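Heads up, the thing below is written out as structure tokens.
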Amino acid sequence: MVAAVGILVLVIGTLLFHFLSPWWLTPLAADWQSLDDTLIITFWITGVVFVVLNGFLIWVVIKYRHRPGLKAHYEPESHKLEWWLTVITTVGVIGMLAPGLWAWHSIVTVPEDAREVEVVGQQWNWSFRFPGEDGVLGQVGIEEMNPANSLGLKADDPAGQDDVLVVSGELHLPLGIPYKFVLRSKDVLHNFTVPEFRVKMDLVPGMTPYVWAKPTVAGRYDILCQELCGIGHFAMRGSVVVEEEAAFDRWLDAYPTFAEVQEMAAPNVAMGQAQFAVCSACHGAQGEGNVLLNAPKLAGQAEWYVQRQLKNFKHGLRGAEPSDAFGMQMAPMAATLADDAAIANVAAYVASLPDFLPPATVQGDSKRGQDFYVTCQACHGAAGQGIWSMSAPRLSRLNDWYLVRQLQNYKQGIRGAHPSDLHGKQMRLVSGVLRDDQSINDTVAYINQL
Ligand SMILES: [Cu+2]
């Protein structure tokens, strides 16, 4: 009797969980109703079988329970029953598999009018490339990759010249137009997933798998990597923004073609030095930092990172949160840099400043910090030197008080809260490994020794 009640509770509990749980499909935002239908059909078939089988089990347990004097009847074979069970099972399995074959056929059949975008995955960031007017993506090679050409386009391929490079984790797409996502991995296996689009496909190094979708609902959706691709796998997030075509065109226009990137003049350090006069009021004449003004040391930081932060400050991705008192002081300063060229000049000047080791001010247990740093070094490097291909800046030889404040800001969502600040969001997710202020101090004490 106890067993029968147990099974009954299990069945009712499972059904309740299925219908009441909040972990249900996200609202559909692409033309993939067929995938949802396939899933629902499978749920129905398995659900009915689950209830019927367990109901039968309960009935058997009650009806044939042990009673004194009752003897089991031996019947090893029943052709009639076997025949019925085979037919029902076959129909059930066909019912589950056939819709999947149809759906799979449409996944691998890209519509004629689909446009193309390349999705590039790497540990642990996303970037994108549109083929430009010729509609053809130019050739790429790993040996071409460097901070100025992070997608590795080949300079001598004419097809690549008009490719539009979106070196940012945020992709925009026009509403109602089918897109073929050509997938490329720079390093290991990744998986491109947009739950609302119902697309999900592995990025395999050396291959270019693809998947397609037609976005049908405007909005912002997460891009997830659903492959265990290393320590930062959970923090490998991107965004896709679906909007009207006019807004999409404006967005895409703001990104340079490969030809434009190559033509960009080398930064002018002398002009950068002139611009830096403003900055030195807070950051010091040699970019050495000033704790009284809360302005960190800049000397020794990588050019690409300084550039990105200045753009983030200027465009409101950093220092726009009202709770970010120090970022708010910096943001108007970045706005004094008129354009990308001015930003590049000043970043080049900062990179030319002589580096030195600033005094340590933070106390902590560096042995304990070393254990935490195992996570950090996957992106920031074992010596805290920063790794551009991870988008992670240098941490060694910065002001330790500044590092502590940034880690607190990430944890509290003061930095990295803007939806377009995907690098900041990544650090926010990762900062969860440092549970409290003590762990932060310990980690920074260890970084001081690097
Ligand atoms: Cu990944």
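Here, A, B, ... name the chains of the structure tokens in the order displayed, residue numbers run from 1 inside each chain, and ligands are numbered from 1 in the same displayed order.
Close contacts of Glu243 (chain A), defined as residues with an atom at most 7 Å away when counting only C-alpha atoms, with chain neighbours fewer than 2 positions off set aside, comprise Leu173, Pro174, Leu175, Ala218, Gly219, Val241, Glu245, Ala247 and Phe248 of chain A.
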Worksheet item: Counting only C-alpha atoms, what is within 9 Å of Gln370 (chain A), bar same-chain residues fewer than 5 positions away, as number ranges by chain?
Response: A: 365, 442-443, 445-447
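Residue nearest ligand 1 within the list A:Phe197, A:Trp126, A:Trp212, A:Phe276: A:Trp126 [criterion: smallest interatomic distance, only C-alpha atoms and all ligand atoms].
Here the residues within region 74-146 of chain A that DSSP labels strand (DSSP E) on the basis of the backbone are Arg115, Glu116, Val117, Glu118, Val119, Val120, Gly121, Gln122, Asn125, Trp126, Ser127, Phe128, Arg129 and Phe130 of chain A.
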Practice prompt. May I ask which of the residues A:Ser280, A:Ser106, A:Ser396, A:Gln122 is the closest one to ligand 1, counting only C-alpha atoms and all ligand atoms?
Written response: A:Gln122
Practice prompt. Check which residues fall inside 7 Å of ligand 1 when counting only C-alpha atoms and all ligand atoms, and print them as JSON, numbers by chain.
Written response: {"A": [121, 122, 123, 124, 189, 190, 191, 225, 226, 227, 228, 229, 233, 236]}
Worksheet item: Using only C-alpha atoms, which residues sit within 8 Å of Gln408 (chain A) once same-chain residues fewer than 4 positions away are excluded, as a ChimeraX atom specification?
Response: /A:404,412,437,440
For the selection just defined, write its residues with N, CA and C atoms to a file, as a CSV table (one decimal), in the first residue's frame.
```
chain,number,residue,atom,x,y,z
A,404,VAL,N,40.6,47.1,-5.5
A,404,VAL,CA,39.6,46.8,-4.5
A,404,VAL,C,38.3,47.5,-4.8
A,412,GLN,N,28.7,44.9,-6.6
A,412,GLN,CA,27.4,45.6,-6.3
A,412,GLN,C,26.7,46.1,-7.6
A,437,ASP,N,34.5,41.2,1.4
A,437,ASP,CA,35.6,42.2,1.3
A,437,ASP,C,36.9,41.6,1.7
A,440,ILE,N,38.3,39.9,-1.3
A,440,ILE,CA,38.8,40.8,-2.3
A,440,ILE,C,40.2,41.3,-1.8
```
Discussion item. My list of candidates is A:Phe19, A:Phe372, A:Trp304, A:Trp84. Which is closest to Ser389 (chain A) when distances are computed with only C-alpha atoms?
Written reply: A:Trp304
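Minimum atom-to-atom distance to Asp156 (chain A), evaluated using only C-alpha atoms, belongs to A:Phe258 out of A:Trp23, A:Trp388, A:Phe258, A:Tyr64.
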Worksheet item: Can you list, as JSON, numbers by chain, every protein, DNA or RNA residue that comes within 8 Å of region 193-196 of chain A when you count only C-alpha atoms, leaving out same-chain residues fewer than 4 positions away?
Response: {"A": [26, 27, 28, 29, 30, 200, 201, 221, 222, 223, 224, 225, 226]}
